[in-house]
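Worksheet: one structure, shown below.
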Amino acid sequence: MNRTLLVAFLRQRFTSPMRVGLLLIVTVFPLGAAILANDLAALAGPASAIALILSAGAIGQDVSSGTLQLLLVRPVSRPSVLLHRWLASVIAAVGITMVLLLLATLALLAHKTQPSALDLVRMMLEAACSAAGSAAVMVMLSTLVGGIGDVGLFVAAMIVTQMFSGLAMLEHWEVLARACNEVQGVLSPQLSWAWMLHGTPLSWFAITSWASTVTLALAVGIARFNRRELSYAAG
Amino acid sequence: MPPDERATPSGPSRRDPVVLWIVAAVLLVARVATGIYEEKHPPTKPDLMSWVPAGVAPAQSAATNKPILYDFSAAWCGPCQTMEREVFEDRKLASSISTFVVPVHVVDRSREDGHNSALVDSLQHVHGVNAFPTLVIVGADGKAIDHIEGYPGAHEFVSWVATTSTKSRLVPGAPKPMFP
């Protein structure tokens with residue numbers, strides 16, 4: 001593991017005022033809601049959003065600015081750059097979620113409410129899986145377009161899927177509805193750990209869906225990045 | 001910051017991720033196989049939500065000072081089944097939702113029976129339901145606070161319920177419920 005690549009990427013992300021502002025928006029309100037409601041449930045969602053914010057433009061933005069061309073002069077491989085950027089996004093997203101959970105837990109304890117240790121473990125595991133999935137998808141999209149065009153691709157895919165999903169529901173087209181559901185699952189991969197900690201039925205489909213989405217997104221991202229022309233003459 | 005120059009790469013800088021491709025292919029095959037298997041043998045447990053009948057919900061909402069969550073779904077709707085499996089059969093998530101809202105399950109039967117009950121039709125009309133699942137959180141005044149079309153995923157759904165219901169309770173002077 002190349003620590004320098006991880007640190008450099010995180011430094012770049014956390015010195016962007018826009019990203020920090022967005023991170024505050026997606027973290028402060030759920031944290032406030034969790035404290036006011038005296039329940040950690042409101043913190044189930046932010047990990048995925050944090051990972052998306054951090055990984056948006058992970059490759060494309062540096063290609064457009066010319067930074068990546070300079071970085072690749074150094075003895076680092078393209079797959080390594082991509083994997084480290086994905087990993088850095090996941091680590092940061094999980095770290096921020098841990099801080100949020102810690103603050104909320106302290107607030108709950110101050111209100112004399114003891115959150116369940118099992119719930120905390122489960123929320124951490126699910127946050128890690130959501131972050132890993134969302135970051136993998138966003139990094140893959142980032143290899144396809146320049147700048148932060150990956151955000152546009154992601155939003156467009158979500159909107160189109162939502163539209164087709166609505167149409168499928170309206171017309172009762174089950175196959176299309178199922179397809180839209182799968183696409184939404186691919187865009188925002190999640191994995192529930194309730195089967196391990198709360199005794200719900202184990203779904204191998206859910207596990208293989210999440211794992212295949214993450215590995216496929218990373219494989220496609222690396223393959224596309226490897227074939228991308230990065231010389232200044234190309235741009 | 002420049003990358004670590006001590007680590008000299010041992011292979012080409014654009015090596016294809018062969019192992020990753022193989023793992024992804026195996027997982028994709030497993031995904032299709034388990035999908036087909038679980039379609040025939042769904043790993044289900046009983047619904048753990050404490051659903052409240054639609055007619056009783058407004059009174060319970062007023063008594064408990066919780067907004068109402070209407071879950072508009074249909075038996076044939078795939079995402080609704082996913083949501084049931086991932087949220088409503090999950091003891092923790094089901095109890096979390098029940099602490100924030102008065103949950104009401106509104107099932108569309110028009111496809112199976114040719115029509116719905118007057119109450120279901122009326123609720124669908126009032127909340128402009130034209131897709132399933134549609135999730136609507138209604139305040140004590142009977143007005144919709146927020147709604148979602150489609151299943152957003154277990155985490156987003158629970159987080160949305162928690163934040164929206166908390167927000168609704170922060171609004172002072174909520175009028176009396178629409179239905180006595």
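Each chain in the structure tokens gets a letter, A, B and so on, in the order shown; residues start at 1 in every chain, and ligands are counted from 1 in the order they appear.
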Set the distance at 9 Å and use only C-alpha atoms: which residues neighbour segment 108-116 of chain B once local chain neighbours fewer than 4 positions away are removed? I'd like the list as a PDB file with N, CA and C atoms, in the first residue's frame.
```pdb
ATOM      1  N   HIS A 172     -47.312  -1.355 -15.016  1.00  0.00           N
ATOM      2  CA  HIS A 172     -47.208  -2.717 -14.453  1.00  0.00           C
ATOM      3  C   HIS A 172     -46.272  -3.593 -15.284  1.00  0.00           C
TER       4      HIS A 172
ATOM      5  N   PHE B  72     -47.313   2.878   0.248  1.00  0.00           N
ATOM      6  CA  PHE B  72     -48.198   2.429  -0.833  1.00  0.00           C
ATOM      7  C   PHE B  72     -47.452   1.370  -1.640  1.00  0.00           C
ATOM      8  N   SER B  73     -47.984   0.168  -1.653  1.00  0.00           N
ATOM      9  CA  SER B  73     -47.289  -0.903  -2.369  1.00  0.00           C
ATOM     10  C   SER B  73     -48.301  -1.817  -3.053  1.00  0.00           C
ATOM     11  N   ALA B  74     -47.769  -2.816  -3.741  1.00  0.00           N
ATOM     12  CA  ALA B  74     -48.626  -3.793  -4.417  1.00  0.00           C
ATOM     13  C   ALA B  74     -47.930  -5.147  -4.357  1.00  0.00           C
ATOM     14  N   ALA B  75     -48.725  -6.209  -4.398  1.00  0.00           N
ATOM     15  CA  ALA B  75     -48.162  -7.559  -4.255  1.00  0.00           C
ATOM     16  C   ALA B  75     -47.212  -7.896  -5.401  1.00  0.00           C
ATOM     17  N   TRP B  76     -47.485  -7.358  -6.584  1.00  0.00           N
ATOM     18  CA  TRP B  76     -46.674  -7.711  -7.762  1.00  0.00           C
ATOM     19  C   TRP B  76     -45.407  -6.861  -7.895  1.00  0.00           C
ATOM     20  N   VAL B 120     -58.521   2.936   0.226  1.00  0.00           N
ATOM     21  CA  VAL B 120     -57.247   2.844  -0.505  1.00  0.00           C
ATOM     22  C   VAL B 120     -57.262   3.799  -1.701  1.00  0.00           C
ATOM     23  N   ASP B 121     -58.381   3.794  -2.442  1.00  0.00           N
ATOM     24  CA  ASP B 121     -58.500   4.705  -3.595  1.00  0.00           C
ATOM     25  C   ASP B 121     -58.365   6.152  -3.160  1.00  0.00           C
ATOM     26  N   GLN B 124     -54.761   6.958  -2.169  1.00  0.00           N
ATOM     27  CA  GLN B 124     -53.908   7.030  -3.369  1.00  0.00           C
ATOM     28  C   GLN B 124     -54.167   8.331  -4.130  1.00  0.00           C
ATOM     29  N   PHE B 132     -45.263   2.402  -7.493  1.00  0.00           N
ATOM     30  CA  PHE B 132     -45.061   1.644  -6.250  1.00  0.00           C
ATOM     31  C   PHE B 132     -43.600   1.239  -6.109  1.00  0.00           C
TER      32      PHE B 132
END
```
Of the residues B:Asp141, B:Thr163, B:Leu135, B:Ser168, which is the one nearest to Pro58 of chain B, using only C-alpha atoms?
->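 Checking each candidate against Pro58 of chain B, we get B:Asp141 as the closest.
Taking only C-alpha atoms into account, Ala94 of chain B lies nearest to A:Ala41 out of the set A:Val26, A:Leu176, A:Gly60, A:Ala41.
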Residues near His41 of chain B, cut-off 12 Å, only C-alpha atoms, skip fewer than 3 positions along chain, as a PyMOL selection string | (chain A and resi 201+203-205) or (chain B and resi 34-38+44-45)
Would you pick out the contacts of Arg228 of chain A at 10 Å or less, using only C-alpha atoms, so that residues sharing its chain but fewer than 6 positions from it are not included, and give the list as an mmCIF file with N, CA and C atoms, in the first residue's frame?
```cif
data_model
loop_
_atom_site.group_PDB
_atom_site.id
_atom_site.type_symbol
_atom_site.label_atom_id
_atom_site.label_comp_id
_atom_site.auth_asym_id
_atom_site.auth_seq_id
_atom_site.Cartn_x
_atom_site.Cartn_y
_atom_site.Cartn_z
ATOM 1 N N VAL A 63 -7.300 14.331 -14.571
ATOM 2 C CA VAL A 63 -6.965 14.206 -15.999
ATOM 3 C C VAL A 63 -7.172 15.562 -16.660
ATOM 4 N N THR A 143 -13.545 7.507 -14.497
ATOM 5 C CA THR A 143 -12.582 7.148 -15.553
ATOM 6 C C THR A 143 -13.189 7.341 -16.946
ATOM 7 N N LEU A 144 -14.497 7.481 -16.997
ATOM 8 C CA LEU A 144 -15.171 7.579 -18.296
ATOM 9 C C LEU A 144 -15.219 9.005 -18.836
ATOM 10 N N ILE A 222 -10.443 0.288 -13.878
ATOM 11 C CA ILE A 222 -9.013 0.094 -14.163
ATOM 12 C C ILE A 222 -8.803 -0.129 -15.662
ATOM 13 N N ALA A 234 -3.094 14.733 -26.514
ATOM 14 C CA ALA A 234 -4.413 14.138 -26.723
ATOM 15 C C ALA A 234 -5.534 15.072 -26.323
#
```
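With atom CA of Pro79 of chain A on one side and atom CA of Asp16 of chain B on the other, the separation reads 8.0 Å.
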Report the distance between atom CA of Ser50 of chain B and atom CA of Thr82 of chain B in Å, rounded to one decimal place.
->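 Spanning atom CA of Ser50 of chain B to atom CA of Thr82 of chain B is a straight-line distance of 18.3 Å.
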Need the shell around Gly221 of chain A: protein/DNA/RNA residues with any atom at most 7 Å away, counting only C-alpha atoms. Skip same-chain ones fewer than 3 positions apart. Format as a short mmCIF file (atom, residue, chain, number, x, y, z; two decimals) with C-alpha atoms, in the first residue's frame?
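Output (around11.cif):
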```cif
data_model
loop_
_atom_site.label_atom_id
_atom_site.label_comp_id
_atom_site.auth_asym_id
_atom_site.auth_seq_id
_atom_site.Cartn_x
_atom_site.Cartn_y
_atom_site.Cartn_z
CA VAL A 139 -14.43 6.10 -9.35
CA MET A 140 -15.45 3.93 -12.31
CA THR A 143 -12.58 7.15 -15.55
CA ALA A 217 -16.86 -1.36 -11.04
CA LEU A 218 -13.20 -1.45 -10.03
CA ARG A 224 -10.85 2.07 -18.91
CA PHE A 225 -8.15 4.06 -17.11
#
```
Quick one: everything within 12 Å of His111 of chain A, counting only C-alpha atoms, minus sequence neighbours fewer than 2 positions away in the same chain. Send it as a list in words.
-> Ala34, Ile35, Leu36, Ala37, Asn38, Asp39, Ala104, Thr105, Leu106, Ala107, Leu108, Leu109, Thr113, Gln114 and Pro115 of chain A
Just the helix (DSSP H, G or I) stuff from segment 21-132 of chain B, please, per backbone DSSP, written as a PyMOL selection string.
-> chain B and resi 21-40+57-64+78-88+91-100+110-113+118-126
Write a file of the just-selected residues containing C-alpha atoms, as a PDB file, in the first residue's frame.
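Output below, filename again.pdb:
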```
ATOM      1  CA  TRP B  21     -11.973  -9.716 -13.720  1.00  0.00           C
ATOM      2  CA  ILE B  22     -12.043 -13.385 -12.697  1.00  0.00           C
ATOM      3  CA  VAL B  23     -13.455 -12.589  -9.250  1.00  0.00           C
ATOM      4  CA  ALA B  24     -16.035 -10.231 -10.785  1.00  0.00           C
ATOM      5  CA  ALA B  25     -17.070 -12.881 -13.343  1.00  0.00           C
ATOM      6  CA  VAL B  26     -17.436 -15.566 -10.657  1.00  0.00           C
ATOM      7  CA  LEU B  27     -19.457 -13.197  -8.476  1.00  0.00           C
ATOM      8  CA  LEU B  28     -21.674 -12.233 -11.417  1.00  0.00           C
ATOM      9  CA  VAL B  29     -22.440 -15.893 -12.130  1.00  0.00           C
ATOM     10  CA  ALA B  30     -23.137 -16.418  -8.423  1.00  0.00           C
ATOM     11  CA  ARG B  31     -25.345 -13.319  -8.426  1.00  0.00           C
ATOM     12  CA  VAL B  32     -27.493 -14.632 -11.280  1.00  0.00           C
ATOM     13  CA  ALA B  33     -27.657 -18.136  -9.773  1.00  0.00           C
ATOM     14  CA  THR B  34     -28.593 -16.926  -6.276  1.00  0.00           C
ATOM     15  CA  GLY B  35     -31.046 -14.446  -7.804  1.00  0.00           C
ATOM     16  CA  ILE B  36     -32.852 -17.226  -9.644  1.00  0.00           C
ATOM     17  CA  TYR B  37     -32.773 -19.500  -6.577  1.00  0.00           C
ATOM     18  CA  GLU B  38     -34.041 -16.826  -4.181  1.00  0.00           C
ATOM     19  CA  GLU B  39     -36.765 -15.856  -6.640  1.00  0.00           C
ATOM     20  CA  LYS B  40     -38.140 -19.379  -6.194  1.00  0.00           C
ATOM     21  CA  ALA B  57     -53.687   6.018  12.102  1.00  0.00           C
ATOM     22  CA  PRO B  58     -54.683   9.730  12.315  1.00  0.00           C
ATOM     23  CA  ALA B  59     -55.990   9.315  15.855  1.00  0.00           C
ATOM     24  CA  GLN B  60     -52.868   7.385  16.857  1.00  0.00           C
ATOM     25  CA  SER B  61     -50.707  10.038  15.203  1.00  0.00           C
ATOM     26  CA  ALA B  62     -52.390  12.761  17.246  1.00  0.00           C
ATOM     27  CA  ALA B  63     -52.141  10.736  20.450  1.00  0.00           C
ATOM     28  CA  THR B  64     -48.451   9.873  20.030  1.00  0.00           C
ATOM     29  CA  GLY B  78     -40.567  -6.204  -7.013  1.00  0.00           C
ATOM     30  CA  PRO B  79     -38.982  -3.228  -5.219  1.00  0.00           C
ATOM     31  CA  CYS B  80     -41.794  -3.397  -2.622  1.00  0.00           C
ATOM     32  CA  GLN B  81     -40.782  -7.006  -1.888  1.00  0.00           C
ATOM     33  CA  THR B  82     -37.135  -6.005  -1.644  1.00  0.00           C
ATOM     34  CA  MET B  83     -38.092  -3.260   0.802  1.00  0.00           C
ATOM     35  CA  GLU B  84     -40.154  -5.718   2.860  1.00  0.00           C
ATOM     36  CA  ARG B  85     -37.238  -8.133   3.003  1.00  0.00           C
ATOM     37  CA  GLU B  86     -34.571  -5.552   3.787  1.00  0.00           C
ATOM     38  CA  VAL B  87     -36.505  -3.240   6.106  1.00  0.00           C
ATOM     39  CA  PHE B  88     -39.782  -4.632   7.405  1.00  0.00           C
ATOM     40  CA  ARG B  91     -36.121  -6.365  13.671  1.00  0.00           C
ATOM     41  CA  LYS B  92     -33.880  -3.352  14.280  1.00  0.00           C
ATOM     42  CA  LEU B  93     -34.976  -1.284  11.292  1.00  0.00           C
ATOM     43  CA  ALA B  94     -38.638  -2.147  11.786  1.00  0.00           C
ATOM     44  CA  SER B  95     -38.530  -1.041  15.419  1.00  0.00           C
ATOM     45  CA  SER B  96     -36.575   2.105  14.502  1.00  0.00           C
ATOM     46  CA  ILE B  97     -39.248   3.106  11.998  1.00  0.00           C
ATOM     47  CA  SER B  98     -42.001   2.459  14.513  1.00  0.00           C
ATOM     48  CA  THR B  99     -40.347   4.780  17.031  1.00  0.00           C
ATOM     49  CA  PHE B 100     -40.497   7.676  14.564  1.00  0.00           C
ATOM     50  CA  SER B 110     -56.593  -3.247  -8.458  1.00  0.00           C
ATOM     51  CA  ARG B 111     -54.563  -5.657 -10.539  1.00  0.00           C
ATOM     52  CA  GLU B 112     -55.645  -8.754  -8.631  1.00  0.00           C
ATOM     53  CA  ASP B 113     -59.238  -7.839  -7.710  1.00  0.00           C
ATOM     54  CA  ALA B 118     -62.740   3.227  -1.169  1.00  0.00           C
ATOM     55  CA  LEU B 119     -60.220   4.074   1.554  1.00  0.00           C
ATOM     56  CA  VAL B 120     -57.247   2.844  -0.505  1.00  0.00           C
ATOM     57  CA  ASP B 121     -58.500   4.705  -3.595  1.00  0.00           C
ATOM     58  CA  SER B 122     -59.013   7.855  -1.567  1.00  0.00           C
ATOM     59  CA  LEU B 123     -55.534   7.716   0.008  1.00  0.00           C
ATOM     60  CA  GLN B 124     -53.908   7.030  -3.369  1.00  0.00           C
ATOM     61  CA  HIS B 125     -55.807   9.954  -4.904  1.00  0.00           C
ATOM     62  CA  VAL B 126     -54.994  12.377  -2.064  1.00  0.00           C
TER      63      VAL B 126
END
```
A straight line from atom CA of Val18 of chain B to atom CA of His84 of chain A spans 17.8 Å
Selection near segment 133-136 of chain A, 8 Å with only C-alpha atoms, sequence-local residues under 3 positions removed, as a short mmCIF file (atom, residue, chain, number, x, y, z; two decimals) with C-alpha atoms, in the first residue's frame:
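File written: around_20.cif
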```cif
data_model
loop_
_atom_site.label_atom_id
_atom_site.label_comp_id
_atom_site.auth_asym_id
_atom_site.auth_seq_id
_atom_site.Cartn_x
_atom_site.Cartn_y
_atom_site.Cartn_z
CA SER A 48 -22.74 6.54 0.99
CA ALA A 49 -23.17 10.29 0.37
CA ALA A 51 -18.09 8.45 -0.22
CA LEU A 52 -19.76 9.91 -3.32
CA LEU A 54 -15.07 12.34 -1.79
CA SER A 55 -14.70 10.10 -4.82
CA TRP A 86 -11.00 4.38 -4.07
CA SER A 89 -12.46 7.64 -0.21
CA VAL A 90 -13.68 4.57 1.68
CA CYS A 129 -20.05 -1.55 2.66
CA SER A 130 -22.08 1.44 1.43
CA VAL A 139 -14.43 6.10 -9.35
CA MET A 140 -15.45 3.93 -12.31
CA LEU A 187 -25.58 2.77 -8.62
CA SER A 188 -25.87 2.65 -4.86
CA PRO A 189 -24.64 -0.75 -3.63
CA GLN A 190 -25.52 -1.58 -0.03
CA TRP A 210 -22.89 -6.08 -3.60
CA THR A 213 -20.90 -4.61 -8.24
CA VAL A 214 -17.83 -3.45 -6.33
CA ALA A 217 -16.86 -1.36 -11.04
CA LEU A 218 -13.20 -1.45 -10.03
#
```
Apply DSSP to the structure's backbone, then extract all residues of segment 32-142 of chain B labelled strand (DSSP E) and return them as a ChimeraX atom specification.
-> /B:68-74,102-108,134-138
Across B:Asp90, B:Phe157, B:Gly55, B:His127, the smallest distance to Met196 of chain A, with only C-alpha atoms counted, is shown by B:Asp90
Select, from B:Ile148, B:Val101, B:Val106, B:Ala140, the residue with the minimum atom-to-atom distance to Thr166 of chain B, counting only C-alpha atoms.
->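 Using only C-alpha atoms, the shortest distance to Thr166 of chain B belongs to B:Val101.
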